[in-house]
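The file my_file11.cif contains mmCIF, C-alpha atoms:
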data_my_file
#
loop_
_atom_site.label_atom_id
_atom_site.label_comp_id
_atom_site.auth_asym_id
_atom_site.auth_seq_id
_atom_site.Cartn_x
_atom_site.Cartn_y
_atom_site.Cartn_z
CA MET E 1 109.29 -77.54 -75.89
CA ARG E 2 106.07 -78.39 -77.71
CA HIS E 3 107.46 -81.81 -78.62
CA ARG E 4 108.42 -82.45 -74.99
CA LEU E 5 104.97 -81.42 -73.74
CA SER E 6 103.33 -83.71 -76.29
CA ALA E 7 105.54 -86.56 -75.16
CA LEU E 8 104.74 -85.87 -71.53
CA LEU E 9 101.00 -85.82 -72.24
CA SER E 10 101.26 -89.10 -74.12
CA THR E 11 103.25 -90.65 -71.28
CA SER E 12 100.73 -89.41 -68.74
CA LEU E 13 97.78 -90.86 -70.62
CA CYS E 14 99.58 -94.15 -71.03
CA LEU E 15 100.49 -94.31 -67.34
CA ALA E 16 96.89 -93.53 -66.41
CA GLY E 17 95.75 -96.40 -68.59
CA LEU E 18 98.28 -98.71 -67.03
CA LEU E 19 96.82 -98.07 -63.61
CA ALA E 20 93.45 -99.46 -64.72
CA PHE E 21 94.41 -101.93 -67.43
CA THR E 22 97.37 -103.82 -68.77
CA GLY E 23 98.57 -102.31 -72.01
CA CYS E 24 98.21 -98.83 -73.44
CA GLY E 25 96.09 -97.83 -76.43
CA SER E 26 94.26 -101.17 -76.83
CA THR E 27 91.36 -100.77 -74.39
CA TYR E 28 87.99 -99.32 -75.47
CA ARG E 29 84.93 -98.21 -73.54
CA PHE E 30 81.37 -98.37 -74.84
CA LYS E 31 77.92 -97.49 -73.58
CA VAL E 32 75.41 -100.23 -74.40
CA ASP E 33 71.64 -99.91 -74.09
CA ALA E 34 69.35 -102.82 -74.96
CA VAL E 35 65.56 -103.18 -75.01
CA LYS E 36 63.30 -106.14 -75.74
CA ASN E 37 59.57 -106.16 -76.40
CA PRO E 38 57.98 -108.80 -74.14
CA ASP E 39 54.80 -108.76 -76.24
CA VAL E 40 56.45 -110.01 -79.43
CA SER E 41 57.81 -113.47 -80.06
CA VAL E 42 59.02 -115.23 -83.21
CA GLU E 43 58.83 -118.88 -84.13
CA ASP E 44 62.44 -119.16 -85.22
CA LYS E 45 65.46 -116.92 -85.44
CA SER E 46 65.76 -116.35 -89.16
CA TYR E 47 66.26 -112.81 -90.38
CA ARG E 48 66.82 -110.57 -93.35
CA LEU E 49 69.39 -107.85 -92.76
CA VAL E 50 68.89 -104.35 -94.20
CA SER E 51 70.37 -100.89 -93.81
CA GLY E 52 68.67 -98.73 -91.20
CA ASN E 53 70.22 -95.59 -92.66
CA PRO E 54 68.39 -94.14 -95.68
CA GLU E 55 71.68 -92.57 -96.80
CA MET E 56 73.48 -95.93 -96.92
CA ASP E 57 72.36 -98.60 -99.36
CA SER E 58 72.50 -102.27 -98.40
CA GLU E 59 74.77 -102.86 -101.40
CA ASP E 60 77.31 -100.29 -100.22
CA LEU E 61 80.68 -101.96 -99.67
CA ARG E 62 81.10 -100.28 -96.29
CA PHE E 63 77.69 -101.54 -95.19
CA LYS E 64 78.44 -105.05 -96.43
CA GLU E 65 81.59 -105.10 -94.33
CA ALA E 66 79.69 -103.92 -91.24
CA SER E 67 76.80 -106.33 -91.86
CA GLY E 68 79.29 -109.20 -92.00
CA TYR E 69 80.38 -108.39 -88.44
CA VAL E 70 76.74 -108.15 -87.34
CA LYS E 71 75.83 -111.51 -88.90
CA THR E 72 78.73 -113.14 -87.08
CA ALA E 73 77.62 -111.62 -83.77
CA LEU E 74 74.01 -112.72 -84.34
CA SER E 75 75.15 -116.29 -84.95
CA SER E 76 76.32 -116.39 -81.33
CA LYS E 77 72.64 -116.02 -80.37
CA GLY E 78 71.51 -118.81 -82.70
CA MET E 79 70.19 -116.37 -85.30
CA TYR E 80 70.74 -117.04 -88.99
CA GLU E 81 70.15 -115.30 -92.29
CA ALA E 82 67.15 -116.68 -94.11
CA PRO E 83 68.20 -118.57 -97.29
CA PRO E 84 67.30 -116.93 -100.61
CA GLY E 85 63.71 -117.57 -101.64
CA THR E 86 62.51 -118.23 -98.09
CA GLU E 87 60.63 -115.96 -95.70
CA ALA E 88 62.42 -114.57 -92.66
CA GLU E 89 60.86 -114.13 -89.24
CA MET E 90 62.67 -110.87 -88.56
CA VAL E 91 63.99 -107.87 -90.44
CA ILE E 92 67.13 -106.62 -88.74
CA GLU E 93 68.12 -103.03 -89.41
CA VAL E 94 71.72 -101.88 -88.96
CA ASP E 95 72.48 -98.18 -88.64
CA TYR E 96 75.95 -96.92 -87.78
CA GLY E 97 77.90 -93.73 -88.17
CA MET E 98 79.73 -90.88 -86.48
CA GLU E 99 78.39 -87.58 -85.16
CA GLU E 100 79.99 -84.19 -85.74
CA PRO E 101 83.12 -83.71 -83.59
CA ARG E 102 82.89 -81.71 -80.39
CA THR E 103 85.45 -80.26 -78.02
CA GLU E 104 85.74 -81.12 -74.33
CA MET E 105 87.87 -79.89 -71.46
CA ARG E 106 89.70 -82.68 -69.65
CA THR E 107 91.95 -82.79 -66.63
CA ILE E 108 95.03 -84.96 -67.00
CA SER E 109 98.03 -85.70 -64.83
CA VAL E 110 101.30 -84.67 -66.44
CA PRO E 111 104.52 -86.26 -65.14
CA ILE E 112 107.12 -83.89 -63.68
CA TYR E 113 110.78 -84.79 -64.10
CA VAL E 114 113.78 -83.36 -62.24
CA SER E 115 117.48 -83.58 -63.00
CA VAL E 116 119.40 -85.60 -60.43
CA HIS E 117 123.19 -85.26 -60.16
CA SER E 118 125.14 -88.19 -58.83
CA PRO E 119 128.15 -87.53 -56.57
CA PRO E 120 131.59 -87.88 -58.16
CA ARG E 121 133.09 -91.34 -58.04
CA ILE E 122 136.65 -92.63 -58.19
CA VAL E 123 137.63 -95.34 -60.63
CA LYS E 124 140.92 -97.11 -61.21
CA VAL E 125 142.42 -96.66 -64.66
CA GLN E 126 145.62 -97.90 -66.29
CA VAL E 127 148.18 -95.36 -67.45
CA ARG E 128 151.50 -95.93 -69.19
CA ASP E 129 154.54 -93.87 -68.23
CA PRO E 130 155.74 -92.28 -71.48
CA LYS E 131 159.36 -92.44 -70.34
CA THR E 132 159.64 -95.90 -68.81
CA GLY E 133 156.73 -97.58 -70.63
CA GLN E 134 155.56 -99.08 -67.35
CA VAL E 135 151.81 -99.45 -66.70
CA ARG E 136 150.42 -98.46 -63.35
CA MET E 137 146.97 -97.93 -61.81
CA VAL E 138 145.87 -94.46 -60.82
CA ASP E 139 142.71 -92.99 -59.32
CA MET E 140 140.49 -90.86 -61.59
CA VAL E 141 137.50 -88.78 -60.50
CA VAL E 142 134.46 -89.35 -62.76
CA GLN E 143 131.34 -87.20 -62.82
CA ASP E 144 128.37 -88.97 -64.42
CA PRO E 145 125.93 -86.84 -66.45
CA PRO E 146 122.69 -85.85 -64.70
CA ARG E 147 119.71 -88.17 -65.09
CA GLU E 148 116.01 -87.37 -65.13
CA GLU E 149 113.76 -88.93 -62.51
CA LEU E 150 109.99 -88.82 -62.06
CA ALA E 151 109.24 -86.44 -59.20
CA GLY E 152 105.44 -86.59 -59.33
CA PHE E 153 102.45 -85.47 -61.37
CA GLN E 154 100.76 -82.15 -62.00
CA GLU E 155 97.14 -81.76 -63.08
CA ARG E 156 96.49 -79.78 -66.26
CA VAL E 157 93.33 -78.94 -68.17
CA ILE E 158 93.51 -79.59 -71.90
CA THR E 159 91.09 -79.27 -74.81
CA VAL E 160 90.42 -82.43 -76.82
CA THR E 161 88.31 -83.19 -79.88
CA VAL E 162 85.86 -86.03 -79.27
CA TYR E 163 84.11 -88.14 -81.90
CA GLU E 164 80.91 -90.00 -81.02
CA LYS E 165 80.65 -93.26 -82.95
CA TYR E 166 77.53 -95.41 -82.74
CA ILE E 167 75.74 -98.47 -84.04
CA ARG E 168 72.09 -99.46 -83.62
CA ILE E 169 70.89 -102.98 -84.40
CA THR E 170 67.10 -103.35 -84.38
CA ALA E 171 64.94 -106.41 -85.05
CA ARG E 172 61.34 -106.04 -86.26
CA GLU E 173 58.62 -108.40 -87.36
CA ALA E 174 59.09 -109.44 -90.98
CA ASN E 175 55.45 -110.32 -91.58
CA THR E 176 52.20 -109.16 -90.01
CA ASP E 177 48.69 -110.52 -90.42
CA ASP E 178 47.06 -107.11 -90.68
CA ASP E 179 47.81 -103.59 -91.86
CA ARG E 180 49.59 -102.49 -88.68
CA PRO E 181 53.29 -101.61 -88.96
CA PRO E 182 55.79 -104.30 -87.93
CA ARG E 183 56.51 -104.22 -84.22
CA GLU E 184 59.97 -103.90 -82.79
CA ILE E 185 61.24 -107.14 -81.21
CA TRP E 186 64.51 -105.96 -79.72
CA SER E 187 67.11 -103.25 -80.21
CA VAL E 188 70.71 -102.64 -79.11
CA TYR E 189 72.40 -99.24 -79.21
CA VAL E 190 76.15 -98.85 -78.71
CA LYS E 191 78.18 -95.66 -78.66
CA ASN E 192 81.77 -94.66 -78.02
CA ASP E 193 83.15 -91.20 -77.24
CA ASP E 194 86.88 -90.76 -77.66
CA GLU E 195 89.47 -88.94 -79.75
CA SER E 196 89.54 -91.41 -82.65
CA ASP E 197 87.69 -90.61 -85.88
CA ASN E 198 88.40 -94.02 -87.41
CA LEU E 199 84.84 -95.31 -87.73
CA ARG E 200 85.83 -98.35 -89.77
CA GLU E 201 88.17 -99.54 -87.01
CA TYR E 202 85.46 -99.15 -84.38
CA VAL E 203 82.59 -100.92 -86.17
CA PRO E 204 83.71 -104.48 -85.26
CA LEU E 205 84.49 -103.29 -81.74
CA MET E 206 81.01 -101.78 -81.31
CA VAL E 207 79.41 -104.95 -82.71
CA SER E 208 81.44 -106.98 -80.22
CA ALA E 209 80.23 -104.74 -77.39
CA ALA E 210 76.63 -105.25 -78.54
CA MET E 211 76.88 -109.03 -78.95
CA ASP E 212 75.95 -110.12 -75.43
CA SER E 213 73.00 -107.67 -75.29
CA VAL E 214 71.28 -108.88 -78.46
CA ASP E 215 67.71 -110.03 -77.71
CA GLU E 216 68.13 -108.91 -74.11
CA ASN E 217 66.66 -106.14 -71.99
CA SER E 218 68.78 -103.84 -69.85
CA SER E 219 67.22 -101.60 -67.21
CA SER E 220 69.71 -98.84 -68.10
CA ALA E 221 72.75 -98.21 -70.23
CA LYS E 222 75.80 -100.15 -69.10
CA GLU E 223 79.50 -99.73 -69.76
CA VAL E 224 81.34 -102.41 -71.69
CA VAL E 225 85.14 -102.41 -71.70
CA LEU E 226 86.91 -104.34 -74.44
CA LYS E 227 90.45 -104.98 -75.55
CA ASP E 228 91.18 -105.55 -79.21
CA THR E 229 92.50 -109.00 -78.25
CA ASP E 230 89.32 -110.13 -76.43
CA GLU E 231 87.60 -113.31 -77.60
CA ARG E 232 84.45 -111.45 -78.64
CA VAL E 233 86.43 -109.11 -80.88
CA THR E 234 88.43 -111.94 -82.41
CA PHE E 235 85.20 -113.89 -83.05
CA VAL E 236 83.44 -110.97 -84.74
CA LYS E 237 86.44 -110.03 -86.89
CA LYS E 238 86.98 -113.61 -88.00
CA GLY E 239 83.56 -113.69 -89.65
CA MET E 240 81.26 -116.52 -90.67
#

Rewrite the coordinates I just gave you, this time as structure tokens.
Amino acid sequence: MRHRLSALLSTSLCLAGLLAFTGCGSTYRFKVDAVKNPDVSVEDKSYRLVSGNPEMDSEDLRFKEASGYVKTALSSKGMYEAPPGTEAEMVIEVDYGMEEPRTEMRTISVPIYVSVHSPPRIVKVQVRDPKTGQVRMVDMVVQDPPREELAGFQERVITVTVYEKYIRITAREANTDDDRPPREIWSVYVKNDDESDNLREYVPLMVSAAMDSVDENSSSAKEVVLKDTDERVTFVKKGM
């Protein structure tokens, strides 16, 4: 019974996704918020990329993998990493991670199936007379087994565990002429709330969602929907 309910829930979620998108399990939703400081400008688009999380060193292998995706996305905006031994115009901080899981109540539509019995049918079959050996055709009544058909949907409330994954990419001045702290130039914040706790899988997806909002200003957070086969995702995953 539990296995059947699990299968029904999975089918329901897949069918719900099919109504809005083509394909099941390959579409992702992100909230993207971008700001840009109109009072700061840079002469060129060179940068030095650092970790924005004090608990994650820039030499960490996980950070290097994430920063590779970010560098690829930045290249689409004409930005480039300053060569060794040269000064950069910007310092770009990358901070990403996952918050503690939380539970949510969700209403889903569960498919309801009913057993349908077909009426008996008559088929012609060959039979051999055991005495004479002659073959003749006779009528035989056949009853097909019942089949299950979709009768409709029923709404149910379920409890799910949700994981909030995020990435923040922030550009600041690399050099200042006085003692004031470097000013922020632009910043992009992306988050995703769903049932996956696979942060590594989502990092290139979140970077892809952020790509078009780099060095832009949005009046409010917007929703970005991506498939794992989209051009932006393919571009970011391919790397420099």

### Task
For the file shown, report as a list of chain:residue names the outcome of the PyMOL selection byres ((chain E and resi 46) around 7) at residue level.
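Checked against the file, the PyMOL selection byres ((chain E and resi 46) around 7) matches E:Asp44, E:Lys45, E:Tyr47, E:Met79, E:Tyr80, E:Glu81, E:Ala82, E:Ala88, E:Glu89, E:Met90.
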
Selection above as a file: C-alpha atoms, as a PDB file, keeping the file's coordinate frame:
ATOM      1  CA  ASP E  44      62.440-119.160 -85.220  1.00  0.00           C
ATOM      2  CA  LYS E  45      65.460-116.920 -85.440  1.00  0.00           C
ATOM      3  CA  TYR E  47      66.260-112.810 -90.380  1.00  0.00           C
ATOM      4  CA  MET E  79      70.190-116.370 -85.300  1.00  0.00           C
ATOM      5  CA  TYR E  80      70.740-117.040 -88.990  1.00  0.00           C
ATOM      6  CA  GLU E  81      70.150-115.300 -92.290  1.00  0.00           C
ATOM      7  CA  ALA E  82      67.150-116.680 -94.110  1.00  0.00           C
ATOM      8  CA  ALA E  88      62.420-114.570 -92.660  1.00  0.00           C
ATOM      9  CA  GLU E  89      60.860-114.130 -89.240  1.00  0.00           C
ATOM     10  CA  MET E  90      62.670-110.870 -88.560  1.00  0.00           C
TER      11      MET E  90
END

### Surrounding residues of Met211 of chain E excluding itself and chain neighbours under 4 positions, 9 Å, only C-alpha atoms, as a PyMOL selection string
chain E and resi 70+73-74+76-77+188+206-207+232+236

### Task
Determine the residue membership of the PyMOL selection byres ((chain E and resi 190-203) around 8) for the file above and supply it as a list in words.
Arg29, Phe30, Lys31, Val32, Asp33, Ala66, Tyr96, Gly97, Met98, Val160, Thr161, Val162, Tyr163, Glu164, Lys165, Tyr166, Ile167, Arg168, Val188, Tyr189, Pro204, Leu205, Met206, Val207, Ala209 and Ala210 of chain E

### Message
Considering only C-alpha atoms, can you say which of E:Ser187, E:Asn37, E:Thr159, E:Ser213 comes closest to Met105 of chain E?
### Response
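Once distances to Met105 of chain E are computed over only C-alpha atoms, the minimum belongs to E:Thr159.
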
### Message
List the spatial neighbours of Ser118 of chain E as a VMD selection string - criterion: any atom at most 8 Å away, all atoms listed in the file, same-chain residues fewer than 6 positions off excluded.
### Response
chain E and resid 143 to 146

I need the chosen residues saved as an mmCIF file, in the coordinates of the input, with C-alpha atoms.
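Written output follows (again-v1.cif):
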data_model
loop_
_atom_site.group_PDB
_atom_site.id
_atom_site.type_symbol
_atom_site.label_atom_id
_atom_site.label_comp_id
_atom_site.auth_asym_id
_atom_site.auth_seq_id
_atom_site.Cartn_x
_atom_site.Cartn_y
_atom_site.Cartn_z
ATOM 1 C CA GLN E 143 131.340 -87.200 -62.820
ATOM 2 C CA ASP E 144 128.370 -88.970 -64.420
ATOM 3 C CA PRO E 145 125.930 -86.840 -66.450
ATOM 4 C CA PRO E 146 122.690 -85.850 -64.700
#
